[in-house]
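What follows is the content of coords_34.txt (compact mmCIF, C-alpha atoms and all ligand atoms).
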```
# COMPACT_ATOMS: atom_id res chain seq x y z
CA MET K 1 -15.88 25.26 -35.31
CA LYS K 2 -12.44 23.80 -35.60
CA TYR K 3 -9.97 26.05 -37.25
CA SER K 4 -8.92 25.41 -40.82
CA GLY K 5 -6.06 23.19 -41.69
CA HIS K 6 -2.37 22.91 -41.61
CA GLN K 7 -1.63 25.31 -44.47
CA THR K 8 -3.46 28.15 -42.79
CA PHE K 9 -1.57 27.49 -39.63
CA LEU K 10 1.79 27.64 -41.42
CA ARG K 11 0.78 30.80 -43.19
CA MET K 12 -0.32 32.29 -39.89
CA THR K 13 2.88 31.50 -38.02
CA GLY K 14 4.77 32.98 -40.96
CA ALA K 15 2.66 36.12 -40.78
CA MET K 16 3.03 36.27 -37.02
CA ALA K 17 6.81 35.96 -37.29
CA ALA K 18 6.87 38.78 -39.84
CA VAL K 19 4.77 40.99 -37.57
CA LEU K 20 7.01 40.22 -34.62
CA MET K 21 10.12 41.02 -36.66
CA ILE K 22 8.69 44.36 -37.71
CA LEU K 23 7.70 45.10 -34.11
CA ALA K 24 11.17 44.16 -32.94
CA VAL K 25 12.70 46.63 -35.37
CA LEU K 26 10.24 49.42 -34.59
CA PHE K 27 9.77 48.88 -30.83
CA PRO K 28 12.62 46.70 -29.60
CA SER K 29 11.75 47.16 -25.91
CA ALA K 30 8.04 46.60 -26.48
CA SER K 31 8.70 43.33 -28.22
CA LEU K 32 10.96 42.25 -25.37
CA VAL K 33 8.27 43.02 -22.85
CA HIS K 34 5.83 40.98 -24.86
CA ALA K 35 8.20 38.03 -25.07
CA ALA K 36 8.77 38.10 -21.34
CA GLY K 37 5.04 38.29 -20.64
CA SER K 38 2.64 35.49 -19.81
CA GLN K 39 2.20 34.51 -23.45
CA LYS K 40 4.14 31.31 -24.13
CA SER K 41 5.15 30.36 -27.64
CA LEU K 42 3.70 27.23 -29.21
CA LYS K 43 7.17 25.71 -29.21
CA GLU K 44 7.55 26.40 -25.48
CA ILE K 45 4.14 24.94 -24.77
CA GLN K 46 4.87 21.84 -26.82
CA SER K 47 8.24 21.19 -25.20
CA GLU K 48 6.70 21.72 -21.76
CA LEU K 49 3.87 19.39 -22.73
CA ALA K 50 6.34 16.70 -23.82
CA SER K 51 8.17 16.93 -20.51
CA VAL K 52 4.91 16.92 -18.51
CA ARG K 53 3.77 13.84 -20.44
CA ALA K 54 7.07 12.08 -19.71
CA ASP K 55 6.57 12.93 -16.01
CA ARG K 56 3.03 11.68 -16.17
CA ASP K 57 4.08 8.35 -17.72
CA GLN K 58 6.79 7.92 -15.12
CA LEU K 59 4.38 8.72 -12.28
CA ALA K 60 1.79 6.35 -13.71
CA ASP K 61 4.43 3.57 -13.82
CA GLN K 62 5.43 4.31 -10.23
CA LYS K 63 1.81 4.29 -9.18
CA ASP K 64 1.25 0.89 -10.81
CA LYS K 65 4.34 -0.52 -9.15
CA LEU K 66 3.36 0.84 -5.73
CA SER K 67 -0.19 -0.47 -6.13
CA GLY K 68 1.32 -3.90 -6.80
CA ASP K 69 3.64 -3.60 -3.79
CA LEU K 70 0.78 -2.56 -1.55
CA ALA K 71 -1.43 -5.44 -2.70
CA TYR K 72 1.45 -7.86 -2.01
CA LEU K 73 2.02 -6.37 1.45
CA GLN K 74 -1.67 -6.55 2.25
CA LYS K 75 -1.67 -10.24 1.32
CA ARG K 76 1.43 -10.85 3.42
CA SER K 77 -0.06 -8.89 6.30
CA GLN K 78 -3.16 -11.09 6.20
CA ALA K 79 -1.05 -14.27 6.13
CA GLN K 80 1.08 -13.02 9.03
CA ARG K 81 -2.05 -12.21 11.01
CA GLU K 82 -3.09 -15.86 10.62
CA VAL K 83 0.37 -17.01 11.79
CA TYR K 84 0.06 -14.71 14.79
CA GLU K 85 -3.41 -15.92 15.70
CA ASN K 86 -2.27 -19.52 15.36
CA ALA K 87 0.69 -18.85 17.70
CA LEU K 88 -1.67 -17.15 20.13
CA ALA K 89 -3.92 -20.24 20.20
CA GLN K 90 -0.88 -22.48 20.74
CA LYS K 91 0.24 -20.24 23.60
CA GLU K 92 -3.18 -20.56 25.25
CA ALA K 93 -3.03 -24.36 24.94
CA ALA K 94 0.50 -24.44 26.41
CA LEU K 95 -0.67 -22.33 29.34
CA MET K 96 -3.45 -24.80 30.08
CA VAL K 97 -1.00 -27.72 29.99
CA LEU K 98 1.37 -25.80 32.27
CA GLU K 99 -1.38 -25.05 34.78
CA MET K 100 -2.40 -28.71 34.88
CA ASN K 101 1.18 -29.85 35.40
CA GLN K 102 1.78 -27.21 38.04
CA GLU K 103 -1.20 -28.50 40.01
CA ALA K 104 -0.04 -32.11 39.61
CA ALA K 105 3.49 -31.21 40.76
CA VAL K 106 2.16 -29.41 43.83
CA ILE K 107 0.00 -32.41 44.76
CA ALA K 108 2.83 -34.92 44.22
CA GLN K 109 5.20 -32.82 46.28
CA ALA K 110 2.62 -32.54 49.09
CA ASP K 111 2.03 -36.33 49.09
CA TYR K 112 5.72 -36.97 49.28
CA GLU K 113 6.25 -34.47 52.07
CA GLU K 114 3.35 -35.87 54.09
CA LYS K 115 4.74 -39.39 53.82
CA LEU K 116 8.20 -38.10 54.69
CA VAL K 117 6.88 -36.57 57.94
CA GLN K 118 5.18 -39.86 58.87
CA TYR K 119 8.33 -41.80 58.10
CA GLU K 120 10.50 -39.50 60.17
CA GLU K 121 8.14 -39.84 63.14
CA ARG K 122 8.47 -43.62 62.97
CA VAL K 123 12.23 -43.47 62.65
CA VAL K 124 12.33 -41.34 65.77
CA ARG K 125 10.15 -43.85 67.61
CA MET K 126 12.31 -46.78 66.49
CA TYR K 127 15.37 -44.92 67.59
CA GLU K 128 13.80 -44.55 71.01
CA TRP K 129 13.11 -48.29 71.09
CA ASN K 130 16.68 -48.94 70.08
CA ARG K 131 17.87 -47.20 73.17
CA TYR K 132 16.68 -50.25 75.11
CA SER K 133 18.95 -53.22 74.79
CA MET K 134 17.70 -56.34 73.13
CA ILE K 135 17.80 -57.93 76.56
CA GLU K 136 15.64 -55.19 78.02
CA LEU K 137 13.23 -55.59 75.13
CA LEU K 138 13.29 -59.30 75.62
CA LEU K 139 12.62 -58.88 79.33
CA SER K 140 9.87 -56.40 78.81
CA ALA K 141 8.19 -58.61 76.21
CA GLU K 142 5.42 -60.71 77.56
CA SER K 143 6.64 -63.68 75.63
CA LEU K 144 9.43 -64.67 73.33
CA GLN K 145 7.00 -64.84 70.47
CA GLY K 146 5.85 -61.33 71.29
CA PHE K 147 9.45 -60.14 71.16
CA PHE K 148 10.04 -61.56 67.67
CA THR K 149 6.73 -60.23 66.46
CA THR K 150 7.67 -56.75 67.59
CA ILE K 151 11.07 -56.95 65.81
CA ARG K 152 9.54 -58.29 62.56
CA PHE K 153 6.70 -55.77 62.70
CA MET K 154 9.11 -52.90 63.13
CA LYS K 155 11.19 -54.12 60.19
CA MET K 156 8.08 -54.52 57.96
CA ILE K 157 6.88 -51.04 58.74
CA ALA K 158 10.27 -49.59 57.95
CA ASP K 159 10.54 -51.46 54.62
CA SER K 160 7.08 -50.53 53.38
CA ASP K 161 7.52 -46.95 54.50
CA GLU K 162 10.77 -46.71 52.57
CA GLU K 163 9.21 -48.22 49.46
CA ALA K 164 6.20 -45.92 49.53
CA LEU K 165 8.41 -42.95 50.20
CA ALA K 166 10.66 -43.83 47.27
CA GLU K 167 7.62 -44.18 44.99
CA LEU K 168 6.22 -40.85 46.07
CA GLU K 169 9.58 -39.16 45.61
CA THR K 170 9.87 -40.56 42.10
CA ALA K 171 6.33 -39.39 41.32
CA SER K 172 7.10 -35.94 42.68
CA ILE K 173 10.32 -35.68 40.66
CA LEU K 174 8.46 -36.78 37.51
CA ALA K 175 5.69 -34.25 38.16
CA GLU K 176 8.30 -31.55 38.61
CA GLN K 177 9.96 -32.57 35.35
CA LEU K 178 6.65 -32.42 33.52
CA ARG K 179 5.97 -29.01 35.03
CA GLU K 180 9.36 -27.74 33.89
CA GLU K 181 8.80 -29.08 30.40
CA ALA K 182 5.41 -27.39 30.24
CA GLU K 183 6.99 -24.18 31.47
CA ASP K 184 9.65 -24.35 28.75
CA GLN K 185 6.99 -25.00 26.15
CA TYR K 186 4.96 -22.06 27.39
CA SER K 187 8.03 -19.79 27.27
CA GLU K 188 8.67 -20.95 23.71
CA MET K 189 5.09 -20.14 22.79
CA ILE K 190 5.40 -16.69 24.33
CA GLU K 191 8.48 -16.09 22.17
CA LEU K 192 6.69 -17.46 19.11
CA VAL K 193 3.77 -15.08 19.70
CA GLU K 194 6.15 -12.16 20.20
CA GLU K 195 8.03 -13.00 17.00
CA ALA K 196 4.77 -13.32 15.06
CA ASP K 197 3.58 -10.03 16.51
CA GLN K 198 6.82 -8.26 15.60
CA ALA K 199 6.70 -9.65 12.06
CA MET K 200 3.10 -8.49 11.78
CA GLN K 201 3.97 -4.99 13.03
CA ALA K 202 6.90 -4.78 10.60
CA ILE K 203 4.70 -5.72 7.65
CA ARG K 204 2.05 -3.28 8.79
CA ALA K 205 4.62 -0.49 9.02
CA GLU K 206 5.77 -1.31 5.48
CA GLU K 207 2.17 -1.39 4.37
CA GLY K 208 1.59 2.04 5.88
CA LEU K 209 4.65 3.48 4.14
CA ALA K 210 3.62 1.97 0.83
CA ALA K 211 0.11 3.39 1.19
CA GLN K 212 1.57 6.81 2.01
CA ALA K 213 3.91 6.70 -0.97
CA LEU K 214 1.07 5.59 -3.22
CA ASN K 215 -1.08 8.44 -1.99
CA LYS K 216 1.70 10.94 -2.69
CA ILE K 217 2.31 9.56 -6.18
CA ALA K 218 -1.42 9.60 -6.92
CA GLN K 219 -1.54 13.26 -5.90
CA SER K 220 1.48 14.14 -8.04
CA LEU K 221 -0.05 12.25 -10.93
CA GLU K 222 -3.30 14.17 -10.56
CA ILE K 223 -1.45 17.50 -10.50
CA THR K 224 0.61 16.46 -13.54
CA ARG K 225 -2.56 15.45 -15.38
CA GLN K 226 -4.13 18.83 -14.61
CA LYS K 227 -0.96 20.55 -15.84
CA GLU K 228 -1.08 18.45 -18.99
CA ALA K 229 -4.74 19.32 -19.61
CA GLN K 230 -3.95 23.03 -19.17
CA LEU K 231 -1.02 22.76 -21.60
CA VAL K 232 -3.21 20.97 -24.14
CA ARG K 233 -5.66 23.88 -23.88
CA ASP K 234 -2.77 26.34 -24.18
CA GLU K 235 -1.51 24.46 -27.22
CA LYS K 236 -4.92 24.64 -28.88
CA ALA K 237 -5.21 28.33 -28.09
CA ALA K 238 -1.69 28.95 -29.42
CA THR K 239 -2.36 27.09 -32.66
CA ALA K 240 -5.45 29.24 -33.25
CA PRO K 241 -4.74 31.87 -35.92
CA PRO K 242 -3.81 35.28 -34.51
CA VAL K 243 -6.71 37.72 -34.49
CA THR K 244 -4.84 40.63 -36.01
CA SER K 245 -4.10 38.82 -39.22
CA GLY K 246 -4.93 40.45 -42.54
CA SER K 247 -6.84 38.88 -45.37
CA PRO K 248 -9.69 38.06 -45.73
CA TYR K 249 -10.99 41.00 -43.76
CA TRP K 250 -14.72 41.45 -43.23
CA VAL K 251 -16.58 44.58 -42.21
CA GLY K 252 -20.20 45.43 -41.58
CA THR K 253 -22.83 46.79 -43.95
CA ARG K 254 -25.80 49.06 -43.42
CA GLN K 255 -27.91 46.13 -42.19
CA PHE K 256 -25.44 44.45 -39.82
CA ILE K 257 -22.41 45.65 -37.89
CA TRP K 258 -19.50 43.18 -37.78
CA PRO K 259 -19.80 41.50 -34.31
CA LEU K 260 -16.14 41.92 -33.34
CA PRO K 261 -14.83 45.50 -33.70
CA THR K 262 -11.25 44.30 -33.09
CA ALA K 263 -11.23 40.94 -34.92
CA HIS K 264 -12.05 40.31 -38.55
CA TYR K 265 -10.36 37.08 -39.44
CA VAL K 266 -12.80 34.32 -40.49
CA THR K 267 -11.57 30.82 -39.73
CA SER K 268 -14.60 28.76 -40.70
CA VAL K 269 -17.45 29.61 -43.05
CA PHE K 270 -21.09 28.59 -43.30
CA GLY K 271 -21.87 25.20 -44.86
CA TRP K 272 -21.13 21.48 -44.83
CA ARG K 273 -17.98 20.50 -42.93
CA GLU K 274 -16.63 17.33 -44.55
CA LYS K 275 -14.00 16.97 -41.86
CA TYR K 276 -16.52 16.84 -39.00
CA GLY K 277 -19.44 15.33 -40.89
CA ARG K 278 -21.86 18.10 -39.92
CA TYR K 279 -23.32 21.34 -41.15
CA HIS K 280 -21.87 24.60 -39.90
CA TYR K 281 -24.74 27.03 -39.33
CA GLY K 282 -22.60 30.11 -38.79
CA THR K 283 -19.28 31.84 -39.20
CA ASP K 284 -16.26 31.48 -36.90
CA VAL K 285 -14.02 34.46 -36.23
CA ALA K 286 -10.70 34.08 -34.45
CA ALA K 287 -10.47 36.34 -31.41
CA ALA K 288 -8.36 36.42 -28.30
CA MET K 289 -10.02 35.52 -25.01
CA ASN K 290 -12.44 38.22 -23.78
CA THR K 291 -12.58 40.22 -27.00
CA PRO K 292 -15.71 42.44 -26.83
CA ILE K 293 -18.67 41.24 -28.90
CA VAL K 294 -21.23 43.78 -30.10
CA ALA K 295 -24.87 43.46 -31.14
CA MET K 296 -24.94 43.31 -34.96
CA ALA K 297 -28.14 45.38 -35.07
CA ASP K 298 -30.75 46.96 -32.78
CA GLY K 299 -32.87 44.35 -31.02
CA VAL K 300 -34.00 42.61 -27.85
CA ILE K 301 -31.94 40.01 -25.99
CA THR K 302 -34.05 36.82 -26.03
CA TYR K 303 -31.39 34.54 -24.56
CA SER K 304 -28.21 34.97 -22.51
CA GLY K 305 -26.60 32.02 -20.73
CA TRP K 306 -25.61 28.39 -21.13
CA PRO K 307 -27.77 26.63 -23.77
CA GLY K 308 -29.62 24.53 -21.18
CA THR K 309 -32.49 22.78 -22.94
CA ALA K 310 -33.28 25.80 -25.13
CA TYR K 311 -30.29 25.44 -27.51
CA HIS K 312 -27.63 22.91 -28.49
CA TRP K 313 -24.87 22.45 -25.89
CA ALA K 314 -22.21 23.01 -28.57
CA TYR K 315 -22.85 26.79 -28.47
CA GLY K 316 -21.42 27.03 -24.98
CA LYS K 317 -22.32 30.31 -23.26
CA MET K 318 -24.46 32.16 -25.83
CA VAL K 319 -26.51 35.24 -26.59
CA VAL K 320 -29.54 35.39 -28.94
CA ILE K 321 -30.94 38.71 -30.22
CA ASP K 322 -34.26 39.21 -31.95
CA HIS K 323 -34.00 42.11 -34.43
CA GLY K 324 -37.58 42.05 -35.63
CA GLY K 325 -38.76 41.28 -39.16
CA GLY K 326 -37.90 37.60 -38.61
CA TYR K 327 -34.20 38.36 -38.14
CA GLN K 328 -32.34 36.73 -35.32
CA THR K 329 -28.59 36.63 -34.52
CA ARG K 330 -26.77 34.15 -32.27
CA TYR K 331 -23.34 34.44 -30.63
CA GLY K 332 -21.61 31.33 -29.20
CA HIS K 333 -18.61 30.08 -27.15
CA LEU K 334 -18.65 33.23 -24.97
CA ASN K 335 -16.57 33.62 -21.86
CA GLY K 336 -18.74 36.33 -20.28
CA PHE K 337 -21.95 38.33 -20.73
CA ASN K 338 -22.76 42.04 -20.77
CA CYS K 339 -26.52 41.82 -21.25
CA TYR K 340 -29.65 40.26 -19.80
CA ILE K 341 -32.71 38.59 -21.24
CA GLY K 342 -35.34 41.15 -22.24
CA GLN K 343 -32.78 43.94 -22.55
CA ARG K 344 -33.12 46.30 -25.51
CA VAL K 345 -29.74 46.75 -27.23
CA LYS K 346 -28.43 49.10 -29.90
CA ALA K 347 -26.26 48.06 -32.84
CA GLY K 348 -22.61 48.16 -31.71
CA GLN K 349 -23.44 47.78 -28.02
CA VAL K 350 -21.14 45.33 -26.20
CA ILE K 351 -23.21 42.27 -25.25
CA GLY K 352 -20.45 39.88 -24.13
CA TYR K 353 -16.88 38.62 -24.48
CA THR K 354 -15.34 35.84 -26.53
CA GLY K 355 -14.31 32.56 -24.95
CA ASN K 356 -13.81 28.88 -25.49
CA THR K 357 -16.99 27.34 -24.05
CA GLY K 358 -19.07 24.62 -25.70
CA ARG K 359 -17.70 22.69 -28.69
CA SER K 360 -14.68 24.90 -29.28
CA SER K 361 -10.98 24.19 -29.65
CA GLY K 362 -9.71 27.69 -28.95
CA PRO K 363 -11.08 31.13 -28.19
CA HIS K 364 -13.26 32.37 -31.08
CA LEU K 365 -16.71 33.69 -31.87
CA HIS K 366 -19.29 31.60 -33.66
CA PHE K 367 -22.13 33.76 -34.94
CA GLU K 368 -25.27 33.06 -36.90
CA ILE K 369 -27.89 35.02 -38.75
CA ARG K 370 -31.31 33.36 -39.04
CA VAL K 371 -34.29 34.59 -41.03
CA ASN K 372 -37.61 33.16 -39.83
CA GLY K 373 -35.59 30.45 -38.09
CA VAL K 374 -33.63 29.44 -41.19
CA PRO K 375 -29.83 29.80 -40.88
CA LYS K 376 -28.31 32.00 -43.61
CA ASP K 377 -24.68 32.41 -44.62
CA PRO K 378 -23.69 35.34 -42.37
CA LEU K 379 -20.94 36.48 -44.74
CA GLY K 380 -23.68 37.26 -47.28
CA TYR K 381 -24.56 40.23 -45.05
CA PHE K 382 -21.03 41.65 -44.79
CA ARG K 383 -18.50 43.27 -47.08
CA ARG K 384 -15.03 41.96 -47.78
CA ALA K 385 -12.67 44.90 -47.21
CA ARG K 386 -9.59 43.28 -48.70
ZN ZN K 401 -18.80 27.79 -35.55
```

What does this structure look like when you write it as structure tokens?
Ligand SMILES: [Zn+2]
Amino acid sequence: MKYSGHQTFLRMTGAMAAVLMILAVLFPSASLVHAAGSQKSLKEIQSELASVRADRDQLADQKDKLSGDLAYLQKRSQAQREVYENALAQKEAALMVLEMNQEAAVIAQADYEEKLVQYEERVVRMYEWNRYSMIELLLSAESLQGFFTTIRFMKMIADSDEEALAELETASILAEQLREEAEDQYSEMIELVEEADQAMQAIRAEEGLAAQALNKIAQSLEITRQKEAQLVRDEKAATAPPVTSGSPYWVGTRQFIWPLPTAHYVTSVFGWREKYGRYHYGTDVAAAMNTPIVAMADGVITYSGWPGTAYHWAYGKMVVIDHGGGYQTRYGHLNGFNCYIGQRVKAGQVIGYTGNTGRSSGPHLHFEIRVNGVPKDPLGYFRRAR
């Protein structure tokens, strides 16, 4: 149901140009209105298509690049999360060390202070003793030996007190140093965690932006692809031969009315199609979208709809009419219907409108005449007018 080749197309554009020129001379304003209308020329469609395809390629490239960026950022984000969690664990460990050292420093300080109080009490007592003169001490002593013992004892106590005090002070200072070191380490860990967190947030923000950009590009790409698909359809429709073209021109006979009162240009005949490797069971007639289709003879509508399982999908929306006497006609690729199954129709009655459904590369009518189920060449039932 593809339209005939290149030569026909050239001939058609030539014919179309001639018609347009004549129209321009006869109805200059009418032709202007037509040119400004919704109908785009093939050339316009093709140039638009080329630009849309360039856009599409560019968008596809951008999408690929952004997908790569996003994948990289996701990997980096994962790695940074591990760094952050590692820093967090280190921070916890540092906090434990700090707490232990804090406790140790408090204990060491308390020990030292306790000893210091004891020492001070003794110093005060010795001072009191010193207020007595050696003679007084000597006189108060019960014996000379007792006197010396008291002196030596006092000295021993003072020396050992001083030593112990010095040791405790050193221990307390050391504990305080350790505590300070642990505190510094903990502060460093807090900073490390903060840095890791900031780096992670930054990567995540980048990741979010990249995902957003990717989403936008994907949307644009989808829209561009839809535009492209529409232009491809437009291009196909535009390359279809114009329906008003002259020869060959087919009209009905007594038995069958021509199915398209306003279109008579046959684009594909009955028979083997070398190009597509299949048999063509009907006749194709070029017709603009929604051209009225009429029943070729009196009959009953036996089918109206998509082929479903009843007929081949390639027909697209179709109508089948039983005319009695073993005669059946089929109409394919419709855009709309004007009949229902079981309806009795008269020859020439509008049953539907042409379209581009099923296996079709542009709006046209495919119609068949079957006798006892066997497809016949439909043109055998019509007359060539010129
Ligand atoms: Zn066909």

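For the pair CA of Thr291 (chain K) and CA of Gln349 (chain K), the separation is 13.3 Å.
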
How would you report the residues lying within 9 Å of ligand ZN 401 (chain K), as a ChimeraX atom specification, if you count all atoms listed in the file?
/K:1-2,267-270,280-285,315,332-333,359-360,364-368

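Comparing the minimum interatomic distances between Phe382 (chain K) and each of K:Ala210, K:Met296, K:Ala196, K:Ile107, counting all atoms listed in the file, we find that K:Met296 sits nearest.
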
Residue neighbourhood Tyr84 (chain K), 7 Å, all atoms listed in the file, exclusion window fewer than 2 positions, as a PyMOL selection string
chain K and resi 80-82+86-88+193+196-197

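Proximity ranking of K:Lys115, K:Lys75, K:Arg330, K:Lys91 relative to Val294 (chain K) places K:Arg330 first, based on all atoms listed in the file.
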
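Using only C-alpha atoms, the shortest contact distance between Tyr279 (chain K) and any of K:Val371, K:Asp377, K:Gly342, K:Leu139 is found at K:Asp377.
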